[in-house]
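Here's run_11.cif, which has mmCIF, C-alpha atoms and all ligand atoms:
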data_model
#
loop_
_atom_site.label_atom_id
_atom_site.label_comp_id
_atom_site.auth_asym_id
_atom_site.auth_seq_id
_atom_site.Cartn_x
_atom_site.Cartn_y
_atom_site.Cartn_z
CA MET A 1 0.00 0.00 0.00
CA TRP A 2 1.21 3.49 -0.75
CA PRO A 3 2.34 5.03 2.49
CA LEU A 4 0.05 8.04 2.68
CA CYS A 5 -2.91 6.86 0.60
CA LYS A 6 -5.40 4.14 1.26
CA THR A 7 -6.34 4.32 -2.43
CA ARG A 8 -4.04 3.69 -5.37
CA PRO A 9 -2.44 6.77 -6.89
CA VAL A 10 -3.77 8.07 -10.19
CA ALA A 11 -1.99 6.48 -13.16
CA ARG A 12 0.35 8.87 -14.97
CA THR A 13 0.12 7.02 -18.27
CA ALA A 14 -2.71 5.45 -20.23
CA GLU A 15 -1.56 2.07 -18.88
CA PRO A 16 -3.49 1.05 -15.77
CA MET A 17 -1.20 0.76 -12.74
CA THR A 18 -0.77 -2.70 -11.32
CA HIS A 19 -1.50 -3.11 -7.63
CA LYS A 20 1.55 -3.33 -5.39
CA ASP A 21 1.67 -4.20 -1.74
CA THR A 22 4.87 -2.20 -1.42
CA PRO A 23 5.43 0.92 -3.49
CA ASP A 24 8.32 1.11 -5.87
CA VAL A 25 10.62 3.59 -4.13
CA ALA A 26 11.42 5.29 -7.43
CA ASP A 27 7.71 6.19 -7.68
CA LEU A 28 7.62 8.01 -4.35
CA GLU A 29 7.00 11.71 -4.92
CA THR A 30 7.88 13.18 -1.55
CA THR A 31 10.19 12.63 1.38
CA THR A 32 7.02 12.51 3.50
CA GLU A 33 6.13 9.25 1.70
CA LEU A 34 9.63 7.90 2.36
CA LEU A 35 9.40 8.74 6.05
CA ALA A 36 5.99 7.11 6.27
CA LEU A 37 7.63 3.92 4.96
CA ALA A 38 10.40 4.24 7.55
CA ARG A 39 7.85 4.62 10.31
CA THR A 40 6.09 1.39 9.35
CA GLY A 41 9.34 -0.51 8.74
CA LEU A 42 11.56 0.50 11.66
CA SER A 43 11.24 -0.84 15.18
CA GLU A 44 10.14 1.69 17.79
CA ALA A 45 13.61 1.52 19.34
CA ALA A 46 15.34 2.31 16.02
CA TRP A 47 12.86 5.12 15.30
CA ASP A 48 13.46 6.69 18.72
CA PHE A 49 17.23 6.23 18.37
CA ILE A 50 17.16 8.20 15.12
CA VAL A 51 14.72 10.98 15.91
CA GLY A 52 15.57 11.54 19.57
CA GLY A 53 17.81 14.16 21.14
CA ALA A 54 19.41 14.86 24.50
CA GLU A 55 17.44 15.50 27.71
CA THR A 56 14.59 17.99 27.06
CA GLU A 57 15.38 17.93 23.32
CA THR A 58 15.47 21.73 23.37
CA THR A 59 18.51 21.92 21.07
CA LEU A 60 16.81 19.52 18.65
CA LEU A 61 13.65 21.64 18.65
CA ARG A 62 15.61 24.89 18.26
CA ASN A 63 17.30 23.53 15.15
CA ARG A 64 13.88 23.37 13.53
CA ARG A 65 12.53 26.52 15.15
CA SER A 66 15.47 28.59 13.88
CA LEU A 67 14.91 27.34 10.33
CA ASP A 68 11.19 28.08 10.58
CA ALA A 69 11.99 31.60 11.83
CA ILE A 70 13.46 32.54 8.44
CA ALA A 71 11.21 33.52 5.54
CA PHE A 72 12.18 34.02 1.90
CA ARG A 73 12.13 37.27 -0.08
CA PRO A 74 11.70 35.93 -3.63
CA ARG A 75 12.66 37.87 -6.75
CA VAL A 76 10.78 37.60 -10.06
CA LEU A 77 11.24 37.96 -13.85
CA ARG A 78 14.80 36.65 -13.82
CA ASP A 79 14.71 33.88 -16.48
CA VAL A 80 15.24 30.89 -14.20
CA GLU A 81 14.59 28.16 -16.78
CA GLY A 82 18.14 26.81 -16.36
CA ALA A 83 18.30 27.00 -12.56
CA GLU A 84 20.49 24.25 -11.08
CA PRO A 85 21.30 23.68 -7.40
CA ARG A 86 24.98 22.93 -8.00
CA ALA A 87 27.51 23.99 -5.41
CA SER A 88 31.22 24.11 -4.81
CA PHE A 89 32.94 22.34 -1.92
CA LEU A 90 36.66 21.77 -1.40
CA GLY A 91 37.40 23.00 -4.89
CA ALA A 92 35.08 20.56 -6.63
CA GLU A 93 31.68 21.10 -8.19
CA GLN A 94 28.91 19.27 -6.32
CA ARG A 95 25.54 18.19 -7.67
CA LEU A 96 23.83 19.54 -4.53
CA PRO A 97 24.82 21.94 -1.73
CA ALA A 98 24.30 18.94 0.58
CA LEU A 99 26.28 16.02 1.95
CA LEU A 100 25.40 12.89 3.88
CA ALA A 101 26.42 13.59 7.49
CA PRO A 102 28.29 10.91 9.44
CA LEU A 103 26.08 8.36 11.18
CA ALA A 104 27.18 5.62 13.54
CA SER A 105 25.24 2.51 14.58
CA MET A 106 23.60 2.19 11.18
CA THR A 107 23.18 -1.56 11.54
CA ASP A 108 20.39 -0.70 13.96
CA ILE A 109 18.66 0.98 11.00
CA HIS A 110 19.58 -1.38 8.13
CA PRO A 111 21.31 -4.78 8.27
CA ASP A 112 24.04 -3.61 5.85
CA GLY A 113 24.74 -0.44 7.87
CA ALA A 114 26.71 2.22 6.02
CA LEU A 115 27.14 0.21 2.80
CA PRO A 116 23.81 1.12 1.14
CA VAL A 117 24.37 4.79 2.01
CA ALA A 118 27.84 4.72 0.46
CA ARG A 119 26.51 3.06 -2.70
CA ALA A 120 23.69 5.59 -3.03
CA ALA A 121 26.15 8.47 -2.54
CA ALA A 122 28.46 7.12 -5.26
CA ARG A 123 25.60 6.54 -7.73
CA PHE A 124 24.02 9.92 -7.13
CA GLY A 125 27.21 11.96 -6.78
CA CYS A 126 26.95 13.29 -3.23
CA PRO A 127 29.72 13.45 -0.63
CA VAL A 128 29.27 10.99 2.23
CA MET A 129 31.10 11.27 5.54
CA LEU A 130 31.67 7.76 6.80
CA SER A 131 32.01 7.56 10.55
CA SER A 132 35.04 5.82 12.07
CA VAL A 133 32.48 3.90 14.11
CA SER A 134 30.37 3.01 11.06
CA GLU A 135 28.85 -0.42 11.21
CA PRO A 136 29.73 -3.04 10.11
CA ASP A 137 33.02 -1.47 9.00
CA TYR A 138 33.79 1.81 7.27
CA GLU A 139 36.42 0.30 4.96
CA ALA A 140 33.99 -1.66 2.75
CA ALA A 141 31.70 1.38 2.70
CA ALA A 142 34.63 3.63 1.79
CA ARG A 143 35.37 1.50 -1.26
CA ALA A 144 31.70 1.61 -2.26
CA ALA A 145 31.61 5.42 -1.87
CA GLY A 146 34.64 5.84 -4.15
CA GLU A 147 35.28 9.51 -4.92
CA GLN A 148 32.50 10.60 -2.57
CA PHE A 149 34.26 9.20 0.50
CA HIS A 150 35.02 11.65 3.28
CA PHE A 151 36.17 10.25 6.61
CA GLN A 152 34.76 11.29 9.98
CA LEU A 153 36.98 10.45 12.88
CA TYR A 154 36.35 10.17 16.60
CA ALA A 155 39.43 10.31 18.83
CA ASP A 156 38.81 6.75 20.07
CA GLY A 157 42.40 6.06 21.02
CA ASP A 158 45.65 7.75 21.89
CA GLU A 159 47.31 10.18 19.50
CA SER A 160 49.18 7.55 17.52
CA TRP A 161 45.95 5.55 17.05
CA VAL A 162 44.18 8.67 15.77
CA LEU A 163 47.00 9.51 13.34
CA ASP A 164 47.25 5.92 12.08
CA THR A 165 43.49 5.68 11.59
CA ALA A 166 43.38 8.96 9.68
CA LYS A 167 46.31 7.86 7.49
CA LYS A 168 44.56 4.58 6.72
CA ALA A 169 41.49 6.52 5.55
CA VAL A 170 43.68 8.76 3.39
CA ASP A 171 45.23 5.63 1.85
CA LEU A 172 41.71 4.41 1.14
CA GLY A 173 41.15 7.60 -0.85
CA CYS A 174 39.16 9.90 1.44
CA ARG A 175 38.68 13.47 0.16
CA SER A 176 38.89 14.98 3.65
CA VAL A 177 39.27 14.02 7.28
CA CYS A 178 36.60 15.40 9.61
CA VAL A 179 37.23 15.25 13.36
CA THR A 180 34.06 15.36 15.44
CA VAL A 181 34.74 17.30 18.63
CA ASP A 182 31.35 17.62 20.32
CA VAL A 183 31.30 14.18 21.95
CA PRO A 184 33.77 14.39 24.89
CA THR A 185 31.10 12.24 26.52
CA PHE A 186 27.72 11.00 25.34
CA GLY A 187 24.75 13.33 25.71
CA ARG A 188 21.95 11.89 27.85
CA ARG A 189 19.42 10.75 25.28
CA GLU A 190 16.49 9.81 27.43
CA ARG A 191 14.49 7.98 24.76
CA HIS A 192 17.41 5.55 24.65
CA LEU A 193 18.18 5.53 28.38
CA HIS A 194 14.59 4.55 29.18
CA ARG A 195 14.88 1.48 26.96
CA ARG A 196 18.08 0.18 28.61
CA GLN A 197 19.02 -1.39 25.27
CA ALA A 198 22.35 -1.98 23.58
CA ILE A 199 23.05 -0.04 20.38
CA ALA A 200 25.21 -1.50 17.60
CA GLY A 201 26.84 -4.00 19.88
CA ARG A 202 27.71 -1.42 22.56
CA PRO A 203 26.42 -2.72 25.91
CA PHE A 204 23.80 -0.49 27.52
CA GLY A 205 25.59 2.18 29.58
CA GLY A 206 28.98 0.90 28.40
CA LEU A 207 31.57 2.16 25.94
CA ARG A 208 33.28 0.72 22.89
CA ARG A 209 37.02 0.20 23.06
CA GLY A 210 38.80 3.56 23.07
CA GLU A 211 35.68 5.71 23.42
CA ALA A 212 36.82 7.02 26.81
CA ASN A 213 39.67 8.83 25.01
CA ARG A 214 37.29 11.27 23.30
CA GLY A 215 37.15 13.44 26.41
CA ARG A 216 40.94 13.90 26.38
CA ALA A 217 41.10 15.38 22.87
CA HIS A 218 42.63 18.87 22.64
CA TRP A 219 43.57 21.39 19.92
CA SER A 220 47.07 19.86 19.87
CA LEU A 221 45.52 16.80 18.18
CA ILE A 222 44.25 19.06 15.39
CA ASP A 223 47.81 20.44 14.96
CA ARG A 224 49.19 16.90 14.66
CA LEU A 225 46.57 15.86 12.13
CA LYS A 226 47.06 19.04 10.13
CA SER A 227 50.82 18.53 9.92
CA ARG A 228 50.56 14.82 9.00
CA LEU A 229 47.67 14.75 6.50
CA ASP A 230 47.68 15.95 2.94
CA VAL A 231 43.89 16.11 2.62
CA PRO A 232 41.68 18.96 3.88
CA LEU A 233 40.91 18.90 7.60
CA ILE A 234 37.38 19.51 8.87
CA VAL A 235 36.37 20.08 12.48
CA LYS A 236 32.74 19.15 13.20
CA GLY A 237 30.85 20.48 16.19
CA ILE A 238 31.82 24.17 16.25
CA GLN A 239 29.15 26.37 17.86
CA THR A 240 30.91 29.66 18.65
CA ALA A 241 32.89 32.39 16.90
CA GLU A 242 35.63 31.84 19.53
CA ASP A 243 36.16 28.20 18.53
CA ALA A 244 35.86 29.05 14.84
CA ALA A 245 38.71 31.56 15.27
CA LEU A 246 40.76 28.93 17.13
CA ALA A 247 40.08 26.39 14.39
CA LEU A 248 41.47 28.87 11.86
CA GLU A 249 44.59 29.38 14.00
CA HIS A 250 45.09 25.62 14.00
CA GLY A 251 44.90 25.43 10.21
CA VAL A 252 41.47 23.85 9.83
CA ASP A 253 40.21 24.00 6.23
CA VAL A 254 36.49 23.53 6.83
CA ILE A 255 34.50 24.55 9.89
CA TYR A 256 31.48 22.31 10.38
CA VAL A 257 28.89 24.11 12.47
CA SER A 258 26.87 21.45 14.27
CA ASN A 259 25.24 20.63 17.59
CA HIS A 260 25.11 16.95 16.60
CA GLY A 261 21.44 17.26 15.71
CA GLY A 262 20.62 18.12 19.34
CA ARG A 263 21.91 14.76 20.55
CA GLN A 264 24.71 16.14 22.71
CA LEU A 265 24.51 19.38 24.76
CA ASP A 266 20.92 20.38 25.46
CA HIS A 267 19.85 24.07 25.43
CA CYS A 268 22.03 25.20 22.55
CA VAL A 269 20.87 27.67 19.91
CA GLY A 270 19.58 26.45 16.56
CA ALA A 271 22.48 25.45 14.29
CA ILE A 272 21.57 27.87 11.48
CA ASP A 273 21.67 30.74 14.01
CA VAL A 274 25.35 30.00 14.73
CA LEU A 275 26.30 30.61 11.09
CA PRO A 276 26.45 34.45 11.16
CA GLU A 277 28.95 34.69 14.04
CA VAL A 278 31.10 31.88 12.66
CA LEU A 279 31.17 33.38 9.16
CA LEU A 280 32.12 36.74 10.63
CA ALA A 281 35.01 35.15 12.57
CA VAL A 282 36.18 33.13 9.56
CA ARG A 283 36.06 36.02 7.04
CA GLY A 284 36.35 33.69 4.05
CA LYS A 285 39.55 31.98 5.24
CA ALA A 286 37.87 28.56 5.53
CA GLU A 287 34.75 26.98 4.13
CA VAL A 288 31.83 26.80 6.54
CA ILE A 289 29.30 23.97 6.44
CA VAL A 290 26.39 23.27 8.77
CA ASP A 291 23.90 20.63 9.88
CA GLY A 292 21.04 20.33 12.33
CA GLY A 293 17.36 20.06 11.46
CA PHE A 294 17.70 20.30 7.66
CA MET A 295 14.95 18.24 6.07
CA ARG A 296 13.98 20.03 2.87
CA GLY A 297 15.36 21.93 -0.09
CA THR A 298 13.99 25.17 1.36
CA ASP A 299 15.93 24.55 4.61
CA ILE A 300 19.16 23.96 2.69
CA LEU A 301 18.78 27.13 0.62
CA LYS A 302 18.28 29.21 3.78
CA ALA A 303 21.73 28.10 4.97
CA VAL A 304 23.23 28.68 1.52
CA ALA A 305 21.80 32.22 1.50
CA ARG A 306 23.33 32.73 4.95
CA GLY A 307 26.74 31.75 3.57
CA ALA A 308 27.14 27.99 4.15
CA ALA A 309 29.00 26.08 1.44
CA MET A 310 27.19 22.82 2.15
CA VAL A 311 24.53 21.40 4.47
CA GLY A 312 24.73 18.01 6.18
CA LEU A 313 21.72 15.67 6.24
CA GLY A 314 21.57 13.41 9.28
CA ARG A 315 18.16 12.14 10.28
CA LEU A 316 16.73 12.52 6.78
CA GLN A 317 19.45 10.16 5.54
CA ALA A 318 18.91 7.72 8.45
CA LEU A 319 15.16 7.60 7.86
CA ALA A 320 15.57 7.16 4.10
CA LEU A 321 17.94 4.28 4.83
CA GLY A 322 15.41 2.79 7.24
CA ALA A 323 12.65 3.21 4.65
CA ALA A 324 14.28 1.43 1.75
CA GLY A 325 18.06 1.00 2.06
CA GLU A 326 20.19 2.16 -0.87
CA GLU A 327 17.16 2.97 -3.03
CA GLY A 328 15.63 4.97 -0.22
CA VAL A 329 18.74 7.14 0.21
CA TYR A 330 19.07 7.56 -3.57
CA ARG A 331 15.42 8.56 -3.95
CA MET A 332 15.71 10.95 -1.00
CA LEU A 333 18.60 12.72 -2.76
CA GLU A 334 16.61 12.90 -6.01
CA ILE A 335 13.60 14.41 -4.23
CA VAL A 336 15.78 16.91 -2.36
CA GLU A 337 17.34 17.89 -5.70
CA GLN A 338 13.86 18.47 -7.14
CA GLU A 339 12.89 20.53 -4.10
CA LEU A 340 16.06 22.60 -4.47
CA ARG A 341 15.53 23.20 -8.19
CA VAL A 342 11.91 24.25 -7.72
CA THR A 343 12.79 26.52 -4.78
CA MET A 344 15.59 28.19 -6.72
CA LYS A 345 13.24 28.95 -9.60
CA LEU A 346 10.63 30.31 -7.22
CA LEU A 347 13.28 32.43 -5.50
CA GLY A 348 14.54 33.81 -8.81
CA ALA A 349 18.06 32.36 -8.60
CA ASN A 350 19.84 30.32 -11.26
CA ARG A 351 22.89 29.39 -9.16
CA CYS A 352 23.51 28.91 -5.45
CA GLU A 353 26.13 31.69 -5.52
CA GLU A 354 23.39 34.20 -6.36
CA LEU A 355 21.71 33.62 -2.99
CA ASP A 356 22.57 35.93 -0.11
CA GLY A 357 20.97 37.56 2.92
CA THR A 358 18.75 39.76 0.76
CA PHE A 359 16.67 36.64 0.00
CA LEU A 360 15.93 36.11 3.72
CA GLN A 361 13.86 37.81 6.38
CA PRO A 362 13.27 36.97 10.08
CA VAL A 363 9.69 35.96 10.94
CA ALA A 364 7.74 34.32 13.76
CA PRO A 365 7.50 30.57 13.04
CA VAL A 366 4.03 29.26 12.24
CA THR A 367 4.76 25.60 13.05
CA PRO A 368 5.45 24.24 16.55
CA PRO A 369 8.91 22.62 16.25
CA GLY A 370 9.32 18.86 16.48
CA PRO A 371 11.77 16.24 15.21
CA LEU A 372 9.42 15.71 12.25
CA SER A 373 7.63 19.05 12.10
CA ALA A 374 8.93 19.54 8.56
CA PHE A 375 6.50 16.77 7.54
CA PRO A 376 3.05 17.95 8.64
CA LEU A 377 1.27 15.36 6.44
CA LEU A 378 2.96 12.40 8.18
C1 LIG B 401 21.60 7.99 14.22
C2 LIG B 401 22.67 9.07 14.24
C3 LIG B 401 24.00 8.70 14.37
C4 LIG B 401 24.99 9.69 14.36
N1 LIG B 401 26.32 9.33 14.41
C5 LIG B 401 27.28 10.28 14.26
C6 LIG B 401 28.66 9.93 14.16
O1 LIG B 401 29.05 8.76 14.20
N2 LIG B 401 29.56 10.92 14.02
C7 LIG B 401 29.20 12.25 13.96
O2 LIG B 401 30.05 13.12 13.82
N3 LIG B 401 27.91 12.60 14.04
C8 LIG B 401 26.95 11.66 14.17
N4 LIG B 401 25.63 12.03 14.21
C9 LIG B 401 25.27 13.46 14.02
C10 LIG B 401 25.10 13.77 12.55
O3 LIG B 401 26.30 13.64 11.85
C11 LIG B 401 24.59 15.19 12.33
O4 LIG B 401 25.45 16.09 12.99
C12 LIG B 401 23.16 15.40 12.83
O5 LIG B 401 22.39 14.25 12.63
C13 LIG B 401 22.55 16.58 12.09
O6 LIG B 401 21.27 16.86 12.49
P1 LIG B 401 19.95 16.28 11.75
O7 LIG B 401 19.87 14.84 12.14
O8 LIG B 401 18.87 17.09 12.36
O9 LIG B 401 20.14 16.45 10.28
C14 LIG B 401 24.63 11.06 14.25
C15 LIG B 401 23.28 11.41 14.12
C16 LIG B 401 22.31 10.43 14.11
C17 LIG B 401 20.86 10.85 13.91
#
Show how you would write the structure in this file as structure tokens.
Amino acid sequence: MWPLCKTRPVARTAEPMTHKDTPDVADLETTTELLALARTGLSEAAWDFIVGGAETETTLLRNRRSLDAIAFRPRVLRDVEGAEPRASFLGAEQRLPALLAPLASMTDIHPDGALPVARAAARFGCPVMLSSVSEPDYEAAARAAGEQFHFQLYADGDESWVLDTAKKAVDLGCRSVCVTVDVPTFGRRERHLHRRQAIAGRPFGGLRRGEANRGRAHWSLIDRLKSRLDVPLIVKGIQTAEDAALALEHGVDVIYVSNHGGRQLDHCVGAIDVLPEVLLAVRGKAEVIVDGGFMRGTDILKAVARGAAMVGLGRLQALALGAAGEEGVYRMLEIVEQELRVTMKLLGANRCEELDGTFLQPVAPVTPPGPLSAFPLL
């Protein structure tokens, strides 16, 4: 049955449509339909693991609220027939101003973990950051991702372990190394704590080997990585102008503004609201990317207009994976591309570079924020 309709959809051709118990993912028209599939297919524990945040989930809600507090100021009569949402990141042209954010514990969402995501990213042409704690193993996924492989690293060992692990990823062909710095300890995600369940083989309340080292990481580790690696270095989890300035001093190439999708420190500001102070501190000396709450093409273009080079997709990717594996992630990217193209035409912009703050205006949000408030028809 089609996820949102009890009746069959209207045939688009003269041929009558054949009945299907499960929709062909390529025929899904919206990400809402994909998410509806994920909701029926995923266990309650997996669903909560994906959508949940830390403690009161205020950071998670603010990510959405901040996006909803920005309205567009569209321009007209600008010949937008050839509008394309292409972007530039790390010196290369990208099909979308979006990347697949790093996700751990993906075997709780799909039996093949990160592999289907990597395959979808390679087929579509979208950068994918594979987490050093990807399940079952990031190496097979890295090979599947090919040129789209970026490596996200947690400091799950001493300095020599971190350097060796990063070097191994560079040897596997990663385009950048991204160190995630906002997990010195795990945020208290109550949806998970109440279940008292293991995630991806990690015993409930326990740690994987090396995880205790994350809290000891310091800027000196960034210096070491910068001096040893010959690929761009990204630091993920920056939330202040002060740390953005420090990242620049330590030679970081890309500043990744993120509050980990509200899964770590509660009571932070919405991720998109951190962009202005970070961009001011960086003054064009590094690329700035962002994630947190981005679910739609309109969300992504708000960040682009604010000055972000790329936007990371976390939960949207996880739910698309849970809905239909590789095909689900691929279709999600296609739909997001369609949303971006339509929004650009409606905004009066042919290229992402044309978007700036003059296309945006602060407003009072009309939607109460929620992990899935971007999908009111769900
Ligand atoms: C299930 C899940 C697993 C995650 N695992 C990682 C990880 O291994 N490394 C990391 O840097 N961030 C991880 N994150 C955070 C995402 O990379 C990203 O920052 C966040 O999901 C963005 O917010 P969004 O989900 O609202 O898009 C994870 C997020 C989720 C939802």
What are the nearest atom pairs, with distances in Å to one decimal, for all residues of chain A that come at most 9 Å from ligand LIG 401 (chain B), using all atoms listed in the file, set out by chain and rising residue number as CSV?
residue,atom,partner,partner_atom,distance
A:Ala46,CA,B:LIG401,C1,8.6
A:Phe49,CA,B:LIG401,C1,6.3
A:Ile50,CA,B:LIG401,C1,4.5
A:Val51,CA,B:LIG401,C17,6.5
A:Gly52,CA,B:LIG401,C17,7.8
A:Gly53,CA,B:LIG401,C17,8.5
A:Leu60,CA,B:LIG401,O8,7.1
A:Asn63,CA,B:LIG401,O8,7.2
A:Arg64,CA,B:LIG401,O8,8.1
A:Leu100,CA,B:LIG401,O3,8.1
A:Ala101,CA,B:LIG401,O3,4.4
A:Pro102,CA,B:LIG401,O3,4.1
A:Leu103,CA,B:LIG401,N1,3.4
A:Ala104,CA,B:LIG401,O1,3.7
A:Ser105,CA,B:LIG401,C3,6.3
A:Met106,CA,B:LIG401,C1,6.8
A:Asp108,CA,B:LIG401,C1,8.8
A:Ile109,CA,B:LIG401,C1,8.3
A:Met129,CA,B:LIG401,O3,8.3
A:Leu130,CA,B:LIG401,O1,7.9
A:Ser131,CA,B:LIG401,O1,4.9
A:Ser132,CA,B:LIG401,O1,7.0
A:Val133,CA,B:LIG401,O1,5.9
A:Ser134,CA,B:LIG401,O1,6.7
A:Gln152,CA,B:LIG401,O2,6.3
A:Leu153,CA,B:LIG401,O2,7.5
A:Tyr154,CA,B:LIG401,N2,7.3
A:Cys178,CA,B:LIG401,O2,8.1
A:Val179,CA,B:LIG401,O2,7.5
A:Thr180,CA,B:LIG401,O2,4.9
A:Val181,CA,B:LIG401,O2,7.9
A:Asp182,CA,B:LIG401,O2,8.0
A:Val183,CA,B:LIG401,O2,8.3
A:Lys236,CA,B:LIG401,O2,6.6
A:Gly237,CA,B:LIG401,O4,7.7
A:Val257,CA,B:LIG401,O4,8.7
A:Ser258,CA,B:LIG401,O4,5.7
A:Asn259,CA,B:LIG401,O4,6.5
A:His260,CA,B:LIG401,O4,3.7
A:Gly261,CA,B:LIG401,O6,3.2
A:Gly262,CA,B:LIG401,O6,7.0
A:Arg263,CA,B:LIG401,C15,7.4
A:Ala271,CA,B:LIG401,O6,8.9
A:Val290,CA,B:LIG401,O4,8.4
A:Asp291,CA,B:LIG401,C13,4.8
A:Gly292,CA,B:LIG401,O6,3.5
A:Gly293,CA,B:LIG401,O8,3.5
A:Phe294,CA,B:LIG401,O9,5.3
A:Met295,CA,B:LIG401,O9,6.9
A:Val311,CA,B:LIG401,O9,8.8
A:Gly312,CA,B:LIG401,O9,6.3
A:Leu313,CA,B:LIG401,O9,4.4
A:Gly314,CA,B:LIG401,O9,3.5
A:Arg315,CA,B:LIG401,O7,3.7
A:Leu316,CA,B:LIG401,O9,6.3
A:Gln317,CA,B:LIG401,O9,7.9
A:Ala318,CA,B:LIG401,C1,6.4
A:Leu319,CA,B:LIG401,C17,8.9
A:Pro371,CA,B:LIG401,O8,7.7
Give me, as an mmCIF file with C-alpha atoms, in the frame of the given file, all polymer residues having an atom no more than 8 Å from Val282 (chain A), counting only C-alpha atoms and skipping those fewer than 6 positions away in the same chain.
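Written file, part.cif:
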data_model
loop_
_atom_site.group_PDB
_atom_site.id
_atom_site.type_symbol
_atom_site.label_atom_id
_atom_site.label_comp_id
_atom_site.auth_asym_id
_atom_site.auth_seq_id
_atom_site.Cartn_x
_atom_site.Cartn_y
_atom_site.Cartn_z
ATOM 1 C CA ALA A 244 35.860 29.050 14.840
ATOM 2 C CA ALA A 245 38.710 31.560 15.270
ATOM 3 C CA LEU A 248 41.470 28.870 11.860
#
Radius query 10 Å about (38.9, 10.0, -2.3), atoms used: all atoms listed in the file, as a count of residues only:
19
Distance criterion (only C-alpha atoms): nearest to Glu354 (chain A) out of A:Leu99, A:Cys126, A:Ala83, A:Leu340
A:Ala83
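When CA of Thr58 (chain A) is paired with CA of Thr40 (chain A), their separation reads 26.4 Å.
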What's the 9 Å shell around region 299-302 of chain A, counting all atoms listed in the file, without same-chain residues fewer than 4 positions away, as a CSV table (one decimal) with C-alpha atoms, in the frame of the given file?
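The file below, result-v2.csv, is the result:
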chain,number,residue,atom,x,y,z
A,67,LEU,CA,14.9,27.3,10.3
A,68,ASP,CA,11.2,28.1,10.6
A,70,ILE,CA,13.5,32.5,8.4
A,71,ALA,CA,11.2,33.5,5.5
A,72,PHE,CA,12.2,34.0,1.9
A,97,PRO,CA,24.8,21.9,-1.7
A,98,ALA,CA,24.3,18.9,0.6
A,272,ILE,CA,21.6,27.9,11.5
A,293,GLY,CA,17.4,20.1,11.5
A,294,PHE,CA,17.7,20.3,7.7
A,295,MET,CA,15.0,18.2,6.1
A,306,ARG,CA,23.3,32.7,5.0
A,307,GLY,CA,26.7,31.8,3.6
A,308,ALA,CA,27.1,28.0,4.2
A,310,MET,CA,27.2,22.8,2.2
A,311,VAL,CA,24.5,21.4,4.5
A,312,GLY,CA,24.7,18.0,6.2
A,340,LEU,CA,16.1,22.6,-4.5
A,343,THR,CA,12.8,26.5,-4.8
A,344,MET,CA,15.6,28.2,-6.7
A,352,CYS,CA,23.5,28.9,-5.4
A,355,LEU,CA,21.7,33.6,-3.0
A,356,ASP,CA,22.6,35.9,-0.1
A,357,GLY,CA,21.0,37.6,2.9
A,359,PHE,CA,16.7,36.6,0.0
A,360,LEU,CA,15.9,36.1,3.7
Shell of 9 Å around region 221-224 of chain A, all atoms listed in the file, local chain residues under 2 positions omitted, as a VMD selection string
chain A and resid 155 159 162 to 163 179 217 to 219 226 to 229 233 235 247 250 to 252
Choose the residue, out of A:Gly91, A:Gly325, A:Gly205, A:Pro369, that has the smallest atom-to-atom separation from Pro116 (chain A); count all atoms listed in the file.
A:Gly325
Have a look at CA of Ser43 (chain A) and CA of Thr30 (chain A) and let me know their distance in Å, one decimal.
22.1 Å
When you count all atoms listed in the file, which of these residues is closest to Trp47 (chain A): A:Leu265, A:Leu28, A:Leu35, A:Leu225?
A:Leu35
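Nearest to Ala303 (chain A) of all the residues A:Val366, A:Arg95, A:Gln197, A:Ser66 is A:Ser66, counting all atoms listed in the file.
One distance worth recording is that between CA of Val25 (chain A) and CA of Gly328 (chain A), which is 6.5 Å.
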Residue with the minimum atom-to-atom distance to Asp230 (chain A), picked from A:Ala69, A:Ala36, A:Leu115, A:Ala166 with only C-alpha atoms counted, is A:Ala166
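Minimum distance to Ala286 (chain A) across A:Val269, A:Ala320, A:Leu246, A:Val336 (counting only C-alpha atoms) occurs at A:Leu246.
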Selection: 12 Å around Leu193 (chain A), all atoms listed in the file, excl. self and same-chain fewer than 2 positions, as a tab-separated table (two decimals) with C-alpha atoms, in the coordinates of the input:
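File written: selection-v7.tsv
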chain	number	residue	atom	x	y	z
A	45	ALA	CA	13.61	1.52	19.34
A	48	ASP	CA	13.46	6.69	18.72
A	49	PHE	CA	17.23	6.23	18.37
A	52	GLY	CA	15.57	11.54	19.57
A	53	GLY	CA	17.81	14.16	21.14
A	54	ALA	CA	19.41	14.86	24.50
A	55	GLU	CA	17.44	15.50	27.71
A	186	PHE	CA	27.72	11.00	25.34
A	187	GLY	CA	24.75	13.33	25.71
A	188	ARG	CA	21.95	11.89	27.85
A	189	ARG	CA	19.42	10.75	25.28
A	190	GLU	CA	16.49	9.81	27.43
A	191	ARG	CA	14.49	7.98	24.76
A	195	ARG	CA	14.88	1.48	26.96
A	196	ARG	CA	18.08	0.18	28.61
A	197	GLN	CA	19.02	-1.39	25.27
A	198	ALA	CA	22.35	-1.98	23.58
A	199	ILE	CA	23.05	-0.04	20.38
A	203	PRO	CA	26.42	-2.72	25.91
A	204	PHE	CA	23.80	-0.49	27.52
A	205	GLY	CA	25.59	2.18	29.58
A	206	GLY	CA	28.98	0.90	28.40
